[in-house]
$ cat target28.cif   # mmCIF, C-alpha atoms
data_data
#
loop_
_atom_site.label_atom_id
_atom_site.label_comp_id
_atom_site.auth_asym_id
_atom_site.auth_seq_id
_atom_site.Cartn_x
_atom_site.Cartn_y
_atom_site.Cartn_z
CA MET A 781 -10.88 -11.69 -16.89
CA PRO A 782 -9.44 -12.08 -20.41
CA VAL A 783 -9.70 -15.61 -21.77
CA LYS A 784 -6.87 -15.39 -24.28
CA ARG A 785 -3.51 -16.34 -22.75
CA LYS A 786 -0.05 -16.11 -24.25
CA LYS A 787 2.24 -19.09 -23.93
CA PHE A 788 4.97 -18.39 -21.39
CA LYS A 789 8.54 -18.88 -22.62
CA TYR A 790 11.13 -19.82 -20.02
CA GLN A 791 13.93 -17.25 -19.86
CA PRO A 792 16.26 -17.73 -16.88
CA ILE A 793 17.06 -14.65 -14.78
CA SER A 794 18.96 -14.36 -11.51
CA LEU A 795 17.28 -14.95 -8.14
CA LYS A 796 18.24 -11.41 -7.11
CA GLU A 797 16.52 -9.93 -10.15
CA ILE A 798 13.41 -12.09 -9.58
CA MET A 799 13.05 -10.94 -5.96
CA ARG A 800 13.73 -7.29 -6.80
CA GLU A 801 11.06 -7.36 -9.52
CA MET A 802 8.61 -9.20 -7.24
CA LYS A 803 8.99 -6.55 -4.53
CA GLN A 804 8.62 -3.65 -6.97
CA ASN A 805 5.61 -5.25 -8.67
CA ILE A 806 3.73 -5.98 -5.45
CA ASP A 807 4.26 -2.36 -4.29
CA LEU A 808 2.82 -1.04 -7.55
CA MET A 809 0.03 -3.61 -7.52
CA ILE A 810 -1.19 -2.46 -4.09
CA ASP A 811 -1.56 1.11 -5.36
CA LEU A 812 -3.18 0.07 -8.67
CA ALA A 813 -5.71 -2.27 -7.04
CA TYR A 814 -6.95 0.37 -4.62
CA SER A 815 -6.87 3.04 -7.34
CA ALA A 816 -9.07 0.82 -9.53
CA ILE A 817 -11.80 0.56 -6.90
CA LYS A 818 -11.42 4.21 -5.84
CA PHE A 819 -12.02 5.51 -9.39
CA GLY A 820 -14.07 2.57 -10.70
CA SER A 821 -11.48 2.15 -13.46
CA LYS A 822 -11.53 -1.08 -15.46
CA ASP A 823 -8.31 0.04 -17.17
CA LEU A 824 -6.48 0.15 -13.83
CA ALA A 825 -8.02 -3.21 -12.93
CA GLU A 826 -6.61 -4.62 -16.17
CA GLU A 827 -3.15 -3.24 -15.35
CA THR A 828 -3.39 -4.93 -11.94
CA TYR A 829 -4.27 -8.20 -13.64
CA LYS A 830 -1.24 -7.89 -15.95
CA ILE A 831 1.07 -7.53 -12.96
CA GLU A 832 -0.59 -10.55 -11.31
CA LYS A 833 0.28 -12.61 -14.41
CA ARG A 834 3.87 -11.36 -14.29
CA ILE A 835 4.19 -12.31 -10.62
CA HIS A 836 2.92 -15.80 -11.47
CA GLU A 837 5.67 -16.01 -14.09
CA LEU A 838 8.27 -14.78 -11.60
CA THR A 839 7.11 -17.38 -9.05
CA PHE A 840 7.58 -20.10 -11.66
CA LEU A 841 11.05 -18.76 -12.52
CA LEU A 842 11.94 -18.60 -8.83
CA ASN A 843 11.00 -22.23 -8.31
CA MET A 844 12.89 -23.27 -11.45
CA GLN A 845 16.03 -21.46 -10.33
CA ILE A 846 15.93 -23.04 -6.87
CA ILE A 847 15.37 -26.52 -8.29
CA GLN A 848 18.36 -26.06 -10.59
CA THR A 849 20.68 -24.83 -7.83
CA ASN A 850 20.90 -28.33 -6.30
CA ALA A 851 20.75 -27.21 -2.65
CA GLY A 852 23.17 -29.83 -1.35
CA GLY A 853 21.62 -31.05 1.88
CA VAL A 854 19.50 -29.69 4.73
CA LYS A 855 21.93 -26.89 5.64
CA GLU A 856 21.91 -25.37 2.16
CA ALA A 857 18.18 -25.97 1.73
CA LYS A 858 17.44 -23.94 4.91
CA LYS A 859 19.19 -20.94 3.38
CA LEU A 860 16.74 -21.00 0.47
CA GLU A 861 13.61 -21.49 2.59
CA PRO A 862 12.98 -17.73 3.17
CA ILE A 863 13.19 -17.12 -0.57
CA ILE A 864 10.66 -19.88 -1.30
CA VAL A 865 8.28 -18.55 1.37
CA MET A 866 8.60 -15.01 0.02
CA GLY A 867 7.81 -16.13 -3.53
CA TYR A 868 4.80 -18.19 -2.47
CA SER A 869 3.43 -15.43 -0.21
CA ILE A 870 3.84 -12.65 -2.76
CA ASP A 871 2.06 -14.86 -5.29
CA LYS A 872 -0.86 -15.25 -2.85
CA ILE A 873 -0.92 -11.49 -2.15
CA SER A 874 -0.97 -10.75 -5.89
CA ASP A 875 -4.00 -13.06 -6.31
CA ALA A 876 -5.84 -11.19 -3.54
CA LEU A 877 -4.97 -7.76 -4.97
CA ALA A 878 -6.19 -8.82 -8.41
CA ASP A 879 -9.46 -9.93 -6.77
CA ILE A 880 -9.77 -6.48 -5.17
CA ALA A 881 -9.21 -4.72 -8.50
CA GLN A 882 -11.67 -7.00 -10.32
CA VAL A 883 -14.45 -5.81 -8.00
CA VAL A 884 -15.02 -2.99 -10.50
CA ASN A 885 -16.27 -5.65 -12.93
CA ILE A 886 -18.64 -7.09 -10.30
CA ASN A 887 -19.91 -3.84 -8.76
CA SER A 888 -19.27 -0.90 -11.06
CA ASP A 889 -20.77 1.33 -8.36
CA ILE A 890 -18.19 0.29 -5.72
CA THR A 891 -16.84 3.85 -5.87
CA GLN A 892 -19.94 5.02 -4.00
CA PHE A 893 -18.53 3.22 -0.96
CA THR A 894 -14.76 3.63 -1.52
CA THR A 895 -14.98 7.41 -2.03
CA LEU A 896 -17.46 7.89 0.81
CA PHE A 897 -15.91 9.77 3.76
CA TRP A 898 -12.61 9.62 1.86
CA ASP A 899 -10.97 12.08 4.26
CA TYR A 900 -11.05 9.37 6.97
CA VAL A 901 -8.34 7.51 5.03
CA PRO A 902 -4.77 8.15 6.32
CA GLU A 903 -3.26 8.17 2.80
CA PRO A 904 -6.06 8.66 0.28
CA ILE A 905 -5.64 8.16 -3.46
CA VAL A 906 -6.82 11.21 -5.42
CA LYS A 907 -6.48 12.83 -8.82
CA VAL A 908 -4.66 16.12 -9.41
CA THR A 909 -4.74 17.98 -12.73
CA VAL A 910 -1.59 19.66 -14.05
CA ASN A 911 -2.35 23.15 -15.38
CA LYS A 912 -0.34 25.97 -16.98
CA GLY A 913 2.15 27.50 -14.58
CA CYS A 914 3.03 24.19 -12.92
CA ASP A 915 6.81 23.72 -12.58
CA PHE A 916 6.46 19.97 -13.20
CA ILE A 917 5.61 20.48 -16.87
CA GLY A 918 8.44 19.15 -19.02
CA GLN A 919 10.03 17.19 -16.17
CA SER A 920 10.00 13.40 -15.93
CA ARG A 921 8.26 11.80 -12.98
CA ALA A 922 11.67 10.52 -11.81
CA ASP A 923 13.11 14.07 -11.81
CA VAL A 924 10.26 15.49 -9.74
CA HIS A 925 10.97 13.15 -6.79
CA PHE A 926 7.33 13.07 -5.71
CA ARG A 927 7.91 11.09 -2.50
CA SER A 928 11.13 12.61 -1.16
CA LYS A 929 10.37 16.25 -2.10
CA HIS A 930 6.58 16.43 -2.06
CA GLY A 931 5.54 13.63 0.31
CA VAL A 932 3.26 11.82 -2.16
CA ASP A 933 3.50 8.79 -4.46
CA LEU A 934 2.71 9.18 -8.15
CA ILE A 935 0.90 5.99 -9.16
CA ALA A 936 0.05 6.81 -12.76
CA ILE A 937 -0.44 9.60 -15.30
CA LEU A 938 -3.76 9.75 -17.14
CA ARG A 939 -3.43 11.33 -20.59
CA ASN A 940 -5.96 11.13 -23.42
CA ASN A 941 -7.87 8.42 -21.51
CA LYS A 942 -4.74 6.23 -21.26
CA PHE A 943 -2.75 5.44 -18.12
CA ILE A 944 1.03 5.87 -18.29
CA PHE A 945 3.39 4.20 -15.80
CA ARG A 946 6.84 4.86 -17.33
CA LYS A 947 9.23 6.58 -14.91
CA ASN A 948 10.93 8.56 -17.67
CA GLU A 949 7.62 9.93 -18.98
CA LYS A 950 7.55 13.74 -19.09
CA ILE A 951 4.66 15.51 -17.42
CA LEU A 952 2.53 17.64 -19.74
CA ASP A 953 -0.03 20.40 -19.33
CA GLY A 954 -3.45 18.80 -18.84
CA ASP A 955 -2.14 15.52 -17.42
CA VAL A 956 -4.14 13.98 -14.59
CA LEU A 957 -1.89 12.62 -11.85
CA ILE A 958 -3.17 9.70 -9.78
CA VAL A 959 -1.40 10.25 -6.47
CA LYS A 960 -1.40 8.82 -2.96
CA GLY A 961 -0.42 10.68 0.18
CA GLU A 962 -1.48 12.34 3.40
CA LYS A 963 -3.99 15.13 3.07
CA GLU A 964 -1.76 18.16 3.66
CA PRO A 965 0.90 17.14 1.09
CA LEU A 966 -1.93 16.38 -1.36
CA ARG A 967 -3.37 19.87 -0.87
CA GLU A 968 0.09 21.38 -1.37
CA LEU A 969 0.53 19.33 -4.56
CA LYS A 970 -2.74 20.68 -5.97
CA VAL A 971 -1.44 24.21 -5.41
CA LYS A 972 1.89 23.35 -7.11
CA CYS A 973 -0.04 21.87 -10.06
CA CYS A 974 -2.23 25.02 -10.25
CA ASP A 975 -5.30 22.82 -9.70
CA SER A 976 -7.92 24.93 -7.92
CA GLU A 977 -10.75 22.38 -8.18
CA LYS A 978 -12.04 20.45 -5.17
CA PHE A 979 -10.82 16.88 -4.68
CA SER A 980 -12.67 14.66 -7.14
CA PHE A 981 -12.70 10.96 -8.02
CA ASP A 982 -14.51 11.28 -11.33
CA LEU A 983 -12.62 9.95 -14.35
CA GLU A 984 -15.33 10.83 -16.86
CA LYS A 985 -17.62 8.08 -15.52
CA GLU A 986 -21.35 8.31 -16.04
CA GLU A 987 -23.48 9.20 -13.03
CA GLU A 988 -25.04 6.15 -11.35
CA GLU A 989 -28.10 5.76 -9.18
CA PRO A 990 -27.02 6.17 -5.52
CA ILE A 991 -27.18 2.95 -3.50
CA PHE A 992 -26.98 4.69 -0.10
CA ASP A 993 -29.60 7.09 1.23
CA LEU A 994 -27.31 9.42 3.20
CA ASP A 995 -30.32 11.51 4.23
CA ASP A 996 -31.35 8.60 6.46
CA PRO A 997 -29.46 9.21 9.75
CA ASP A 998 -29.39 5.47 10.65
CA ILE A 999 -27.89 4.50 7.29
CA LYS A 1000 -25.33 7.32 7.49
CA THR A 1001 -24.26 6.39 11.05
CA ASN A 1002 -23.89 2.71 10.19
CA LEU A 1003 -22.01 3.55 7.00
CA ILE A 1004 -19.52 5.69 8.92
CA ASP A 1005 -18.89 2.82 11.36
CA LEU A 1006 -18.48 0.32 8.51
CA LYS A 1007 -16.18 2.63 6.56
CA LYS A 1008 -13.93 3.16 9.59
CA MET A 1009 -13.58 -0.61 10.03
CA TYR A 1010 -13.06 -1.05 6.27
CA ILE A 1011 -10.25 1.54 6.30
CA GLN A 1012 -8.60 -0.10 9.28
CA ILE A 1013 -8.76 -3.58 7.70
CA THR A 1014 -7.39 -2.51 4.31
CA ASP A 1015 -4.70 -0.29 5.87
CA ILE A 1016 -3.51 -2.99 8.26
CA SER A 1017 -3.29 -5.61 5.50
CA GLU A 1018 -1.19 -3.21 3.38
CA THR A 1019 0.98 -2.35 6.39
CA MET A 1020 1.48 -6.03 7.17
CA THR A 1021 2.80 -6.64 3.66
CA GLU A 1022 5.40 -3.89 3.98
CA LEU A 1023 6.44 -4.96 7.49
CA ALA A 1024 6.63 -8.67 6.68
CA LEU A 1025 8.91 -8.10 3.69
CA ALA A 1026 11.05 -5.70 5.73
CA ALA A 1027 11.30 -8.29 8.52
CA LEU A 1028 12.44 -10.87 5.98
CA PHE A 1029 14.92 -8.63 4.14
CA PHE A 1030 16.53 -7.36 7.37
CA ASN A 1031 16.02 -10.49 9.49
CA ASN A 1032 14.22 -8.31 12.03
CA TYR A 1033 12.49 -10.35 14.76
CA GLU A 1034 10.73 -7.30 16.24
CA LEU A 1035 9.06 -6.42 12.94
CA ALA A 1036 8.04 -10.07 12.49
CA GLU A 1037 6.44 -10.09 15.94
CA ASP A 1038 4.63 -6.84 15.07
CA VAL A 1039 3.15 -8.53 11.99
CA LEU A 1040 1.81 -11.45 14.00
CA GLU A 1041 0.26 -9.06 16.53
CA MET A 1042 -1.47 -7.30 13.66
CA GLU A 1043 -2.78 -10.61 12.32
CA GLU A 1044 -4.53 -11.27 15.64
CA LEU A 1045 -6.06 -7.80 15.45
CA MET A 1046 -7.14 -8.44 11.84
CA ASP A 1047 -8.97 -11.65 12.78
CA GLY A 1048 -11.10 -9.75 15.30
CA LEU A 1049 -11.74 -6.83 12.95
CA ASN A 1050 -12.88 -9.13 10.14
CA ILE A 1051 -15.38 -10.94 12.36
CA ASN A 1052 -16.78 -7.65 13.68
CA PHE A 1053 -17.02 -6.21 10.17
CA GLU A 1054 -18.88 -9.25 8.83
CA LYS A 1055 -21.42 -9.10 11.68
CA GLU A 1056 -22.03 -5.35 11.27
CA PHE A 1057 -22.14 -5.68 7.50
CA LEU A 1058 -24.80 -8.42 7.57
CA ASP A 1059 -26.95 -6.28 9.85
CA PHE A 1060 -26.50 -3.30 7.51
CA THR A 1061 -27.66 -5.21 4.42
CA HIS A 1062 -31.23 -5.12 5.80
CA GLN A 1063 -31.22 -1.35 5.37
CA ILE A 1064 -30.34 -1.48 1.67
CA GLU A 1065 -32.90 -2.04 -1.05
CA SER A 1066 -30.56 -4.28 -3.08
CA PRO A 1067 -27.95 -6.03 -0.87
CA ARG A 1068 -26.33 -7.46 -4.01
CA ASP A 1069 -24.90 -3.99 -4.63
CA LEU A 1070 -22.65 -4.59 -1.60
CA THR A 1071 -21.02 -7.81 -2.88
CA GLY A 1072 -17.81 -6.06 -3.87
CA ILE A 1073 -17.25 -4.70 -0.35
CA LEU A 1074 -17.26 -8.22 1.11
CA ARG A 1075 -14.85 -9.45 -1.56
CA ILE A 1076 -12.40 -6.66 -0.69
CA ILE A 1077 -12.55 -7.59 3.01
CA PHE A 1078 -12.02 -11.31 2.26
CA ALA A 1079 -9.08 -10.45 0.00
CA SER A 1080 -7.57 -8.26 2.73
CA GLU A 1081 -7.67 -11.24 5.10
CA ILE A 1082 -5.79 -13.37 2.55
CA ILE A 1083 -3.14 -10.62 2.27
CA ALA A 1084 -2.80 -10.53 6.06
CA ASP A 1085 -2.45 -14.33 6.28
CA ALA A 1086 0.22 -14.40 3.56
CA SER A 1087 2.14 -11.61 5.30
CA ALA A 1088 1.96 -13.50 8.60
CA HIS A 1089 3.38 -16.57 6.84
CA ILE A 1090 6.46 -14.54 5.86
CA ALA A 1091 6.84 -13.22 9.43
CA GLU A 1092 6.55 -16.71 10.93
CA ASN A 1093 9.47 -17.79 8.77
CA VAL A 1094 11.63 -15.07 10.30
CA LEU A 1095 10.66 -16.07 13.85
CA ARG A 1096 11.55 -19.69 13.15
CA GLY A 1097 15.15 -18.58 12.92
CA PHE A 1098 15.82 -18.95 9.21
CA LYS A 1099 18.78 -16.76 8.29
CA VAL A 1100 18.59 -14.20 5.53
CA HIS A 1101 20.16 -15.36 2.28
CA ASN A 1102 22.78 -13.02 0.78
CA ILE A 1103 20.62 -12.74 -2.33
CA LEU A 1104 17.89 -11.06 -0.27
CA HIS A 1105 20.42 -8.50 0.99
CA GLU A 1106 21.45 -7.75 -2.59
CA ALA A 1107 17.84 -7.48 -3.80
CA VAL A 1108 16.81 -5.01 -1.08
CA LYS A 1109 19.67 -2.68 -2.02
CA GLU A 1110 17.89 -2.01 -5.31
CA THR A 1111 14.43 -1.24 -3.88
CA ALA A 1112 13.35 2.41 -3.85
CA GLU A 1113 11.73 2.54 -0.40
CA ILE A 1114 12.53 1.17 3.03
CA VAL A 1115 10.61 0.39 6.22
CA VAL A 1116 12.15 1.82 9.42
CA ARG A 1117 11.28 1.06 13.07
CA GLU A 1118 12.28 3.83 15.50
CA THR A 1119 11.33 4.95 19.05
CA ILE A 1120 10.71 8.60 19.95
CA SER A 1121 13.41 9.68 22.39
CA LYS A 1122 13.24 12.41 25.04
CA ASP A 1123 15.15 14.80 22.74
CA SER A 1124 13.18 13.83 19.62
CA PHE A 1125 11.92 16.49 17.20
CA PHE A 1126 8.68 14.45 17.06
CA LYS A 1127 8.04 14.59 20.81
CA ASP A 1128 4.88 16.53 21.79
CA LYS A 1129 4.20 17.52 18.17
CA THR A 1130 0.86 16.89 16.50
CA TYR A 1131 0.40 14.79 13.39
CA GLU A 1132 -0.40 17.96 11.45
CA GLN A 1133 2.85 19.62 12.59
CA LEU A 1134 4.85 16.58 11.44
CA GLN A 1135 3.67 17.12 7.86
CA ASP A 1136 6.32 19.85 7.69
CA HIS A 1137 9.07 18.73 5.30
CA ARG A 1138 11.70 19.40 7.99
CA TYR A 1139 10.38 16.37 9.86
CA LYS A 1140 8.62 14.34 7.17
CA ARG A 1141 11.56 13.81 4.78
CA GLY A 1142 9.31 11.91 2.38
CA PHE A 1143 8.35 9.34 5.03
CA HIS A 1144 4.84 8.17 5.87
CA ILE A 1145 4.07 6.88 9.37
CA ILE A 1146 2.26 3.62 8.68
CA ALA A 1147 1.83 2.50 12.30
CA LEU A 1148 2.51 3.53 15.89
CA LYS A 1149 2.64 1.41 19.04
CA ARG A 1150 1.87 2.98 22.43
CA ASP A 1151 1.32 1.02 25.66
CA ASN A 1152 1.08 -2.27 23.70
CA LYS A 1153 -1.67 -0.82 21.48
CA TRP A 1154 -1.29 -0.33 17.73
CA ILE A 1155 -2.56 2.87 16.09
CA TYR A 1156 -2.91 3.12 12.31
CA SER A 1157 -4.94 6.28 11.74
CA PHE A 1158 -4.02 9.72 13.08
CA ARG A 1159 -6.20 12.79 13.52
CA PRO A 1160 -4.51 16.15 12.78
CA ASP A 1161 -4.37 16.92 16.52
CA PHE A 1162 -2.94 13.49 17.48
CA LYS A 1163 0.13 14.17 19.68
CA PHE A 1164 3.26 12.00 19.59
CA GLN A 1165 4.87 11.08 22.89
CA GLU A 1166 8.22 9.92 24.20
CA ARG A 1167 8.67 6.13 23.92
CA ASP A 1168 6.12 5.85 21.07
CA LEU A 1169 7.31 3.18 18.63
CA ILE A 1170 6.95 4.50 15.06
CA ILE A 1171 7.10 2.48 11.85
CA GLY A 1172 7.78 4.63 8.81
CA LEU A 1173 7.97 3.96 5.07
CA GLY A 1174 9.98 6.23 2.82
CA PRO A 1175 12.80 6.77 0.33
CA LYS A 1176 16.25 5.39 1.06
CA GLU A 1177 18.02 8.67 0.35
CA THR A 1178 16.41 10.39 3.35
CA VAL A 1179 16.18 7.49 5.81
CA GLU A 1180 18.99 8.66 8.12
CA GLN A 1181 17.60 12.21 8.18
CA TRP A 1182 14.18 10.87 9.21
CA ARG A 1183 15.59 8.53 11.86
CA ARG A 1184 17.55 11.38 13.46
CA CYS A 1185 14.38 13.50 13.60
CA VAL A 1186 12.68 10.70 15.55
CA HIS A 1187 15.71 9.75 17.64
CA PRO A 1188 18.58 12.31 17.31
CA ASN A 1189 21.13 9.94 18.85
CA THR A 1190 20.44 7.21 16.30
CA ILE A 1191 23.66 5.66 15.03
CA GLN A 1192 23.69 4.67 11.41
CA ASP A 1193 23.47 0.89 11.06
#
$ encode --input "target28.cif" --output "structure tokens"
Amino acid sequence: MPVKRKKFKYQPISLKEIMREMKQNIDLMIDLAYSAIKFGSKDLAEETYKIEKRIHELTFLLNMQIIQTNAGGVKEAKKLEPIIVMGYSIDKISDALADIAQVVNINSDITQFTTLFWDYVPEPIVKVTVNKGCDFIGQSRADVHFRSKHGVDLIAILRNNKFIFRKNEKILDGDVLIVKGEKEPLRELKVKCCDSEKFSFDLEKEEEEPIFDLDDPDIKTNLIDLKKMYIQITDISETMTELALAALFFNNYELAEDVLEMEELMDGLNINFEKEFLDFTHQIESPRDLTGILRIIFASEIIADASAHIAENVLRGFKVHNILHEAVKETAEIVVRETISKDSFFKDKTYEQLQDHRYKRGFHIIALKRDNKWIYSFRPDFKFQERDLIIGLGPKETVEQWRRCVHPNTIQD
């Protein structure tokens, strides 16, 4: 990490603005951290580190603002408790995400594991090249509405070896889009961008000596098992972050309980992964090459614990402060919890069928609960059933459309 540090100057901003920026930054940081290890990009790791520093500053500002408000007794102090917990937890999550991104500086060959069996990932991060004939050329990323219209998230634009994150940046011929989404929308995006190449994760990196002998059937089988557990652990930790913040913003006890259930699942998954991983190291010539994988798993556990801390605060009965309500109004995406009804458009449809824009509406299904069992990864032929509890993440402008697809009789809150 860079040694040189700039002196931080205190500039007071409102609590609402602090929380809004914290939420937006942690969302971006999640995507950047996993993009860094997917593409082995030290530049993306550095961007992640910059956001971590900003979140530290925001945490300091949050504490300063609360100290200066002079709570006025236990009753007033309780109103501020959820805000304090949110600030502390997001700060911890940002530390863990920065650790994940910095793995590229420890194991530059981490991409050999993160890109392996990439199609097992529910929402993979890939690159798509914009070529002549693409309608996006000349439009800003904000005008394209990647999530609501195309079902993917644009994380960054790579142009002339530099990453661009500005929302008003116009897309040009030859730009490389770093995008995240389900596989079918990603394939459709490649067609719209006139990109006929196969999915690739190469950002002009030099070829490295392979650390896994995939011709060995034992190594390949064990790697598949490890990768499936790895995907589940990283996906659940990311899901827990979204659900915990949604539970806090909307004072939703059910979401908070879901988060704590997931934490119990995470504890078991981590122990199983560590045992299988230690056994696997005996099959690798240089086990040190696997250090980064363990660091990612440990960081995911920290993220899960911090998310559970937020959820516990909700279950203790602390009421949502008005400032939280105001802050959430300015966030771009929202988490929704809905049950498939008997007249649902989702009922008896496969996961692949639900990629149709008529049902998707820019939303991604991040988790499903059926018969008290959580499901986080869906095969194309996975069929949705009546009474399935679905948790979706998507843009605010289409939330009511999506809810009515899942449960047509839903009444707008």
$ residues_around --input "target28.cif" --residues "stretch 830-833 of chain A" --least-positions-apart "4" --cutoff "8 Å" --atoms "only C-alpha atoms" --output "number ranges by chain"
A: 805, 809, 826, 837, 871, 874-875, 878
$ atom_distance --input "target28.cif" --atom1 "atom CA of A:Gln919" --atom2 "atom CA of A:Glu962"
23.2 Å
$ closest_residue --input "target28.cif" --among "A:Thr895, A:Asn1052, A:Gln1165, A:Asn1093" --to "A:Asn1032" --atoms "all atoms listed in the file"
A:Asn1093
$ atom_distance --input "target28.cif" --atom1 "atom CA of A:Ala876" --atom2 "atom CA of A:Glu1056"
22.7 Å
$ closest_residue --input "target28.cif" --among "A:Asn1102, A:Ser980, A:Ser1017, A:Thr828" --to "A:Lys907" --atoms "all atoms listed in the file"
A:Ser980
$ residues_around --input "target28.cif" --residues "A:Cys974" --least-positions-apart "3" --cutoff "10 Å" --atoms "all atoms listed in the file" --output "short mmCIF file (atom, residue, chain, number, x, y, z; two decimals) with C-alpha atoms, keeping the file's coordinate frame"
data_model
loop_
_atom_site.label_atom_id
_atom_site.label_comp_id
_atom_site.auth_asym_id
_atom_site.auth_seq_id
_atom_site.Cartn_x
_atom_site.Cartn_y
_atom_site.Cartn_z
CA VAL A 908 -4.66 16.12 -9.41
CA THR A 909 -4.74 17.98 -12.73
CA VAL A 910 -1.59 19.66 -14.05
CA ASN A 911 -2.35 23.15 -15.38
CA LYS A 912 -0.34 25.97 -16.98
CA GLY A 913 2.15 27.50 -14.58
CA CYS A 914 3.03 24.19 -12.92
CA ASP A 915 6.81 23.72 -12.58
CA GLU A 968 0.09 21.38 -1.37
CA LEU A 969 0.53 19.33 -4.56
CA LYS A 970 -2.74 20.68 -5.97
CA VAL A 971 -1.44 24.21 -5.41
CA GLU A 977 -10.75 22.38 -8.18
#
$ resolve_selection --input "target28.cif" --expression "the PyMOL selection byres ((chain A and resi 1003) around 10)" --output "list in words"
Phe893, Leu896, Phe897, Phe992, Leu994, Pro997, Asp998, Ile999, Lys1000, Thr1001, Asn1002, Ile1004, Asp1005, Leu1006, Lys1007, Lys1008, Met1009, Glu1056, Phe1057 and Phe1060 of chain A
$ write_last_selection --input "target28.cif" --atoms "C-alpha atoms" --output "short mmCIF file (atom, residue, chain, number, x, y, z; two decimals), keeping the file's coordinate frame"
data_model
loop_
_atom_site.label_atom_id
_atom_site.label_comp_id
_atom_site.auth_asym_id
_atom_site.auth_seq_id
_atom_site.Cartn_x
_atom_site.Cartn_y
_atom_site.Cartn_z
CA PHE A 893 -18.53 3.22 -0.96
CA LEU A 896 -17.46 7.89 0.81
CA PHE A 897 -15.91 9.77 3.76
CA PHE A 992 -26.98 4.69 -0.10
CA LEU A 994 -27.31 9.42 3.20
CA PRO A 997 -29.46 9.21 9.75
CA ASP A 998 -29.39 5.47 10.65
CA ILE A 999 -27.89 4.50 7.29
CA LYS A 1000 -25.33 7.32 7.49
CA THR A 1001 -24.26 6.39 11.05
CA ASN A 1002 -23.89 2.71 10.19
CA ILE A 1004 -19.52 5.69 8.92
CA ASP A 1005 -18.89 2.82 11.36
CA LEU A 1006 -18.48 0.32 8.51
CA LYS A 1007 -16.18 2.63 6.56
CA LYS A 1008 -13.93 3.16 9.59
CA MET A 1009 -13.58 -0.61 10.03
CA GLU A 1056 -22.03 -5.35 11.27
CA PHE A 1057 -22.14 -5.68 7.50
CA PHE A 1060 -26.50 -3.30 7.51
#
$ residues_around --input "target28.cif" --residues "A:Leu1025" --least-positions-apart "2" --cutoff "9 Å" --atoms "all atoms listed in the file" --output "PyMOL selection string"
chain A and resi 803+866+1020-1023+1027-1030+1087+1090-1091
$ atom_distance --input "target28.cif" --atom1 "atom CA of A:Cys1185" --atom2 "atom CA of A:Phe1158"
18.8 Å
$ closest_residue --input "target28.cif" --among "A:Lys1163, A:Lys947, A:His1089, A:Arg1075" --to "A:Ile864" --atoms "only C-alpha atoms"
A:His1089
$ closest_residue --input "target28.cif" --among "A:Leu1045, A:Ile810, A:Ile1146, A:Val959" --to "A:Ile1083" --atoms "only C-alpha atoms"
A:Ile810
$ closest_residue --input "target28.cif" --among "A:Ser888, A:Gln804, A:Thr1130, A:Ser794" --to "A:Lys818" --atoms "all atoms listed in the file"
A:Ser888
$ closest_residue --input "target28.cif" --among "A:Lys942, A:Lys929, A:Arg1183, A:Lys960" --to "A:Leu812" --atoms "all atoms listed in the file"
A:Lys960
$ residues_near_point --input "target28.cif" --point "(6.5, 20.6, -24.3)" --cutoff "9 Å" --atoms "all atoms listed in the file" --output "PyMOL selection string"
chain A and resi 917-918+950-953
$ resolve_selection --input "target28.cif" --expression "the PyMOL selection byres ((chain A and resi 1097) around 12)" --output "VMD selection string"
chain A and resid 858 to 859 861 to 862 1027 to 1028 1031 to 1033 1036 1090 to 1096 1098 to 1100
$ build_atoms --input "target28.cif" --residues "stretch 1113-1121 of chain A" --atoms "N, CA and C atoms" --output "mmCIF file, keeping the file's coordinate frame"
data_model
loop_
_atom_site.group_PDB
_atom_site.id
_atom_site.type_symbol
_atom_site.label_atom_id
_atom_site.label_comp_id
_atom_site.auth_asym_id
_atom_site.auth_seq_id
_atom_site.Cartn_x
_atom_site.Cartn_y
_atom_site.Cartn_z
ATOM 1 N N GLU A 1113 12.179 2.115 -1.730
ATOM 2 C CA GLU A 1113 11.730 2.540 -0.400
ATOM 3 C C GLU A 1113 12.145 1.539 0.673
ATOM 4 N N ILE A 1114 12.091 1.990 1.912
ATOM 5 C CA ILE A 1114 12.530 1.170 3.030
ATOM 6 C C ILE A 1114 11.595 1.375 4.221
ATOM 7 N N VAL A 1115 11.400 0.307 4.996
ATOM 8 C CA VAL A 1115 10.610 0.390 6.220
ATOM 9 C C VAL A 1115 11.573 0.558 7.395
ATOM 10 N N VAL A 1116 11.276 1.523 8.280
ATOM 11 C CA VAL A 1116 12.150 1.820 9.420
ATOM 12 C C VAL A 1116 11.329 1.761 10.709
ATOM 13 N N ARG A 1117 11.920 1.183 11.744
ATOM 14 C CA ARG A 1117 11.280 1.060 13.070
ATOM 15 C C ARG A 1117 12.111 1.899 14.038
ATOM 16 N N GLU A 1118 11.515 2.945 14.632
ATOM 17 C CA GLU A 1118 12.280 3.830 15.500
ATOM 18 C C GLU A 1118 11.416 4.291 16.676
ATOM 19 N N THR A 1119 12.041 4.513 17.846
ATOM 20 C CA THR A 1119 11.330 4.950 19.050
ATOM 21 C C THR A 1119 11.608 6.426 19.317
ATOM 22 N N ILE A 1120 10.564 7.178 19.657
ATOM 23 C CA ILE A 1120 10.710 8.600 19.950
ATOM 24 C C ILE A 1120 11.466 8.761 21.273
ATOM 25 N N SER A 1121 12.571 9.479 21.197
ATOM 26 C CA SER A 1121 13.410 9.680 22.390
ATOM 27 C C SER A 1121 13.010 10.977 23.098
#
